[in-house]
Number of protein chains: 4
Amino acid sequence: MIKVSVIGATGYAGAELLSILQRHPQVEIAHITSESHTGKKIAELYPHLNGIYNLTLESLQDIQEIGMDSDFIFIALPHGHAMDVGKMLEIFPVRIIDLGADYRFDNTEIYEQWYGVKHTHKNAPRVYGLAEIYREDIRTAKIIGNAGCFTTASILALAPLVRHRLIEFDSIIIDAASGVSGAGRSPKLGNHFPELYDNFKAYNVAHHRHTPEIEQVLENLGGEKIVLNFTPHLVPMSRGILATCYAKIKENVTASTIDAAFSKMYGNEKFIRLLGRGAYPETKFVRGSNYCDIGWHIDERTNRVIVLSAIDNLVKGAAGQAVQNLNIAAGFEESTALDIVPFYP
Amino acid sequence: MIKVSVIGATGYAGAELLSILQRHPQVEIAHITSESHTGKKIAELYPHLNGIYNLTLESLQDIQEIGMDSDFIFIALPHGHAMDVGKMLEIFPVRIIDLGADYRFDNTEIYEQWYGVKHTHKNAPRVYGLAEIYREDIRTAKIIGNAGCFTTASILALAPLVRHRLIEFDSIIIDAASGVSGAGRSPKLGNHFPELYDNFKAYNVAHHRHTPEIEQVLENLGGEKIVLNFTPHLVPMSRGILATCYAKIKENVTASTIDAAFSKMYGNEKFIRLLGRGAYPETKFVRGSNYCDIGWHIDERTNRVIVLSAIDNLVKGAAGQAVQNLNIAAGFEESTALDIVPFYP
Amino acid sequence: MIKVSVIGATGYAGAELLSILQRHPQVEIAHITSESHTGKKIAELYPHLNGIYNLTLESLQDIQEIGMDSDFIFIALPHGHAMDVGKMLEIFPVRIIDLGADYRFDNTEIYEQWYGVKHTHKNAPRVYGLAEIYREDIRTAKIIGNAGCFTTASILALAPLVRHRLIEFDSIIIDAASGVSGAGRSPKLGNHFPELYDNFKAYNVAHHRHTPEIEQVLENLGGEKIVLNFTPHLVPMSRGILATCYAKIKENVTASTIDAAFSKMYGNEKFIRLLGRGAYPETKFVRGSNYCDIGWHIDERTNRVIVLSAIDNLVKGAAGQAVQNLNIAAGFEESTALDIVPFYP
Amino acid sequence: MIKVSVIGATGYAGAELLSILQRHPQVEIAHITSESHTGKKIAELYPHLNGIYNLTLESLQDIQEIGMDSDFIFIALPHGHAMDVGKMLEIFPVRIIDLGADYRFDNTEIYEQWYGVKHTHKNAPRVYGLAEIYREDIRTAKIIGNAGCFTTASILALAPLVRHRLIEFDSIIIDAASGVSGAGRSPKLGNHFPELYDNFKAYNVAHHRHTPEIEQVLENLGGEKIVLNFTPHLVPMSRGILATCYAKIKENVTASTIDAAFSKMYGNEKFIRLLGRGAYPETKFVRGSNYCDIGWHIDERTNRVIVLSAIDNLVKGAAGQAVQNLNIAAGFEESTALDIVPFYP
């Protein structure tokens with residue numbers, strides 16, 4: 001039995017964490033915090049948690065007590081805030097799983113350039129929190145920079161092809177779409193119901209911050225500099241990400257080689273369901289679960305491979321992944337609390 | 001450990017049953033059936049179940065074997081079909097939980113009149129499967145007629161007021177709305193996406209079949225003949241029922257008497273969350289869970305009480321209720337597999 | 001050719017007005033105003049108007065010039081603000097159509113009580129802007145208090161039954177549901193996309209401000225004090241209102257008398273489509289149009305009549321109605337610019 | 001005043017045609033047909049048309065009479081059926097606008113290969129019905145093969161870049177998404193409301209039939225063979241298409257050259273709104289209208305241009321385009337009946 005705390009518990013990712021941890025037999029919630037709602041019960045903000053959690057939101061000002069009182073701390077704050085918390089907790093034995101971007105980059109200059117924020121914890125002992133690729137590093141990490149939502153879907157789709165160098169690295173295009181919960185719980189015009197309903201749009205073309213994150217991991221796998229296009233879209237739905245990834249197939253690479261690359265890399269992964277060549281993942285087939293469903297298609301006319309991957313942005317793209325990382329880091333069975341049947345229909 | 005089977009596993013209620021039973025530590029699925037998809041794997045029809053269930057759909061023709069091989073059988077067939085199955089299983093020790101209407105009526109003439117079908121199992125040893133009202137009877141029942149979706153929301157909203165005779169029985173109006181999953185998985189024009197999107201409508205005004213079911217239970221509680229209005233509406237969403245119930249408050253009945261009636265009846269019920277007087281249940285606060293959330297309002301201008309209740313039509317309104325009934329009947333902890341955090345947002 | 005101005009053009013009702021007026025051959029837009037966006041082009045706020053309107057938003061501070069420069073002024077401000085504008089314009093020959101509540105009440109005390117605002121223009125020469133009932137008064141009115149959205153649907157559904165005294169006045173219950181555009185364009189948590197999607201709820205039970213407005217008009221028609229229940233619900237869709245209205249039928253009133261009451265009152269109304277007894281209006285069948293579709297049902301078990309009416313809340317419930325009132329007041333053909341085919345699917 | 005008929009009036013494109021033609025002062029509807037609903041009134045199938053059209057559906061068997069009685073015939077039948085109608089009408093002076101694929105291909109072998117149907121009217125005197133590119137040919141055409149929905153959005157997005165040879169032709173990738181009305185009105189599981197709600201998916205990857213249609217037109221413009229990737233997605237909404245188009249920018253091509261290409265080609269086009277470089281079209285900004293909104297982005301990291309275009313699939317993608325073609329062919333003002341304000345919100 002370990003004690004965990006959630007810093008920034010009132011966003012969607014924080015609330016999802018609480019939902020998942022309710023299923024976890026080896027975890028006890030020690031503290032949850034919110035600066036804007038300190039003193040309130042969590043169920044006042046999230047009535048669906050009525051009768052399930054009686055926790056009171058505390059303030060980050062007590063971070064050192066929280067640190068001493070916790071084995072693991074999840075941070076679900078906007079980027080730029082987690083590193084301050086991380087530094088303050090450096091001397092405590094507590095381990096950190098940050099759901100934001102602060103600890104995702106090997107090269108903090110890239111972080112500073114894309115996020116426009118000075119990085120104040122550059123030498124942090126951190127690993128990238130995507131278990132299917134960095135599982136061994138996660139086991140012992142002090143700080144885990146939980147992978148982003150679009151990045152998880154994109155990396156998992158492309159990793160086998162990049163690792164085995166089956167595609168032209170300069171030909172990668174990722175066209176992705178997300179439900180609106182990915183934009184957080186703060187109301188704004190763009191996410192106001194009547195504006196978004198029966199509407200579809202792209203945003204942040206050519207400069208979305210998940211771009212360098214995807215590139216970093218693919219470069220690690222492929223052993224070369226990779227520059228790619230990533231385009232996010234907003235779907236008038238609540239949950240889910242679908243990434244549609246394009247790349248030129250290298251000469252002499254066959255369809256069965258591509259199939260084998262997926263099987264080899266993910267054949268034993270519990271949370272990756274390989275639907276196979278010619279298959280179509282749908283976001284609803286993974287909704288609410290920690291699964292990443294993957295299908296791929298080969299276009300012989302253009303010699304491109306198109307990989308489709310679907311995740312729930314709040315689960316495998318955030319809170320589920322964080323619990324998966326916790327399980328690995330704490331030495332629990334990796335799927336504890338994550339054996340969730342997708343919510344359908 | 002008991003063995004259960006699901007007859008008619010390919011409708012939404014059947015699939016939801018499988019989802020819930022996956023969490024049940026004391027239940028093993030013995031058989032699942034479908035006449036139109038015999039021989040297929042369940043995940044071919046419901047890809048969200050990929051990697052979770054490897055079950056093959058069998059045919060009802062083997063019902064006797066299935067009966068011998070099961071401790072409990074859930075029937076999720078359209079009305080008119082369960083009673084045939086029920087009769088065939090009469091001699092086996094297996095117990096039945098029917099999610100349809102065949103075993104819901106004390107007076108099968110009412111069934112015949114509203115459903116337009118001859119009842120062929122009139123003397124069946126049955127109870128009405130709404131645990132909050134008939135828990136004791138459910139414990140030992142051979143056949144449980146699981147309460148309907150609209151009926152569950154409506155009865156739970158009104159039961160305390162009727163039992164304590166706080167309202168005029170001839171003044172009851174129930175105005176309810178449901179998500180589209182309540183209409184089943186068979187495609188038809190009325191439920192075709194573009195037709196229903198950005199659309200709202202009433203249907204079956206004055207003759208919906210849940211009307212006599214609600215009346216039957218309220219009559220049992222109130223000790224008098226009750227004739228009421230029930231109007232269903234279709235909401236362009238997937239899941240959820242909200243019932244808005246109106247009734248004239250009897251003379252000299254005070255607000256606090258009404259409050260007390262709710263507390264008294266439901267104070268210890270695990271799946272009923274009394275939000276209180278002046279509160280607003282929302283379907284999303286119970287989505288995916290077995291909860292029924294209830295709030296009530298008193299209009300002093302008209303001397304009416306308005307009770308609002310929200311459920312997930314496929315959980316507390318179908319499969320969750322069925323598992324709750326199973327738990328009671330099998331002697332398990334009533335909330336086993338049902339401690340589901342509502343799926344939000 | 002007349003000149004009209006729109007005060008408060010940046011809400012949904014204001015934008016809808018502009019959409020409709022673009023079709024009007026006898027109307028020229030003189031001024032549009034917005035205090036928070038003064039100086040901006042309307043298409044900056046509503047990109048769908050790109051290339052259609054090149055108007056610049058002005059400030060209300062120039063109201064006297066606007067008044068002198070306009071034949072008609074539409075006011076689409078939050079309640080409490082129109083009466084100040086109305087007073088300032090009293091001495092100008094301009095006529096006013098207010099889309100808010102300030103000029104809807106015969107008895108301003110009722111307004112003050114329900115809206116919690118002091119009425120500062122009590123002796124205003126005003127009429128209630130619902131053409132099907134007050135057409136003659138509208139022709140010459142100085143100020144028209146355009147009927148509200150829920151009120152339009154509710155009054156039109158019940159008016160024939162009240163006018164002909166076919167129902168028990170103390171038995172009226174109106175259960176209505178609206179799309180989210182009715183709540184305006186200001187983002188807030190309750191209308192944030194992920195919160196509302198796949199969600200349904202009631203609000204303002206027993207104290208919604210459209211209640212006294214409905215009562216006022218029905219009292220005028222029925223010649224008696226009427227106190228009724230009105231309950232609004234929020235539907236996860238953008239547009240549309242459906243009102244489901246219940247009342248006890250008076251003794252000896254037959255179905256055909258009820259049918260006749262509807263035909264008599266609305267037989268020649270261009271914007272009311274009587275679908276008939278047993279019919280089901282759907283909000284999508286009137287979406288984008290100025291129609292009010294009406295169907296009714298008689299429940300012989302409870303002796304109640306249930307009337308269903310559907311409108312588009314922004315058209316017949318706001319901007320379309322305002323243009324209909326303009327046409328009447330300006331002496332144009334009543335349906336000018338309003339011969340809109342509903343937007344389907 | 002001309003007489004037009006609609007063959008296959010009961011699909012969504014047919015119904016949209018009727019909606020638009022109601023606004024057309026120079027058009028009278030002569031006949032509408034449906035084989036499955038012969039003899040019914042159109043408003044029985046589409047209640048939103050109640051009181052607007054009193055037309056009765058006839059049978060195609062009377063095609064010759066219909067031909068003699070019409071100046072123009074719109075065909076809105078599934079592919080493979082229009083060519084039979086076209087042949088039968090060859091000898092009549094009537095002109096044809098086919099909303100399906102039968103008359104879209106210069107090379108009918110490509111049609112046969114992608115559609116799997118023998119082309120029976122190969123020598124038909126036809127033009128491709130996309131006014132912004134083939135306006136002059138449309139004026140006098142006997143048969144107009146109205147451009148497809150995805151193709152319209154895709155071609156209009158890429159045409160200026162291809163015509164001026166600013167991009168590498170072998171680098172084109174089109175990632176597009178459509179609302180569900182694009183799939184027609186026939187109910188099927190994939191478009192059943194609960195299946196699609198809160199869901200997003202790709203389909204027909206690498207083999208959607210709009211691919212060769214896009215290639216044909218771009219080849220005509222670019223003067224070279226073009227093979228590209230086109231991937232459609234399904235969005236849980238009713239209307240709208242967004243195409244996100246990627247291509248490598250040729251060496252020495254600057255951003256301002258790209259800007260100029262768009263302005264030059266579309267500067268005077270009434271239905272194309274150039275939102276400009278860095279802009280984001282949204283499907284809702286064009287919903288219900290004949291507009292195509294276009295924005296483009298240059299990614300200097302990858303040297304790709306990303307063009308975004310949005311249309312309403314049933315208007316500029318089908319019925320609106322057809323009326324635009326009619327106006328050109330009949331010598332009317334091109335925007336007659338098409339000056340529709342987008343339907344927002």
# chains A, B, ... in the order shown; residues from 1 in each chain; ligands from 1
>>> residues_around(residues="range 162-165 of chain A", least_positions_apart="3", cutoff="12 Å", atoms="only C-alpha atoms", output="ChimeraX atom specification")
/A:133,154-159,168-172,214-215,217-226,247-253,257-262,264-265
>>> closest_atom_pairs(of="chain C", to="chain A", cutoff="6 Å", atoms="only C-alpha atoms", output="JSON lines")
{"residue": "C:Ser181", "atom": "CA", "partner": "A:Pro194", "partner_atom": "CA", "distance": 5.7}
{"residue": "C:Pro187", "atom": "CA", "partner": "A:Lys188", "partner_atom": "CA", "distance": 5.3}
{"residue": "C:Lys188", "atom": "CA", "partner": "A:Pro187", "partner_atom": "CA", "distance": 5.3}
{"residue": "C:Leu189", "atom": "CA", "partner": "A:Pro187", "partner_atom": "CA", "distance": 5.5}
{"residue": "C:Asn191", "atom": "CA", "partner": "A:Phe193", "partner_atom": "CA", "distance": 5.7}
{"residue": "C:His192", "atom": "CA", "partner": "A:His192", "partner_atom": "CA", "distance": 4.9}
{"residue": "C:Phe193", "atom": "CA", "partner": "A:Phe193", "partner_atom": "CA", "distance": 4.4}
{"residue": "C:Pro194", "atom": "CA", "partner": "A:Ser238", "partner_atom": "CA", "distance": 5.0}
{"residue": "C:Ser238", "atom": "CA", "partner": "A:Pro194", "partner_atom": "CA", "distance": 5.0}
>>> select_by_dssp(residues="range 182-300 of chain D", states="helix (DSSP H, G or I)", output="MDAnalysis selection string")
chainID D and resid 182:183 189:191 193:196 210:222 255:266 283:285
>>> residues_around(residues="range 82-84 of chain D", least_positions_apart="2", cutoff="10 Å", atoms="only C-alpha atoms", output="ChimeraX atom specification")
/D:7-8,74-80,86-89,96-103,119-122,124
>>> closest_residue(among="B:Gly145, B:Asn50, B:Asn303, B:Lys41", to="Lys270 in chain A", atoms="only C-alpha atoms")
B:Asn50
>>> atom_distance(atom1="CA of Met1 in chain A", atom2="CA of His24 in chain A")
9.7 Å
>>> residues_around(residues="Glu16 in chain B", least_positions_apart="5", cutoff="8 Å", atoms="only C-alpha atoms", output="PyMOL selection string")
(chain A and resi 344) or (chain B and resi 314-315+319)
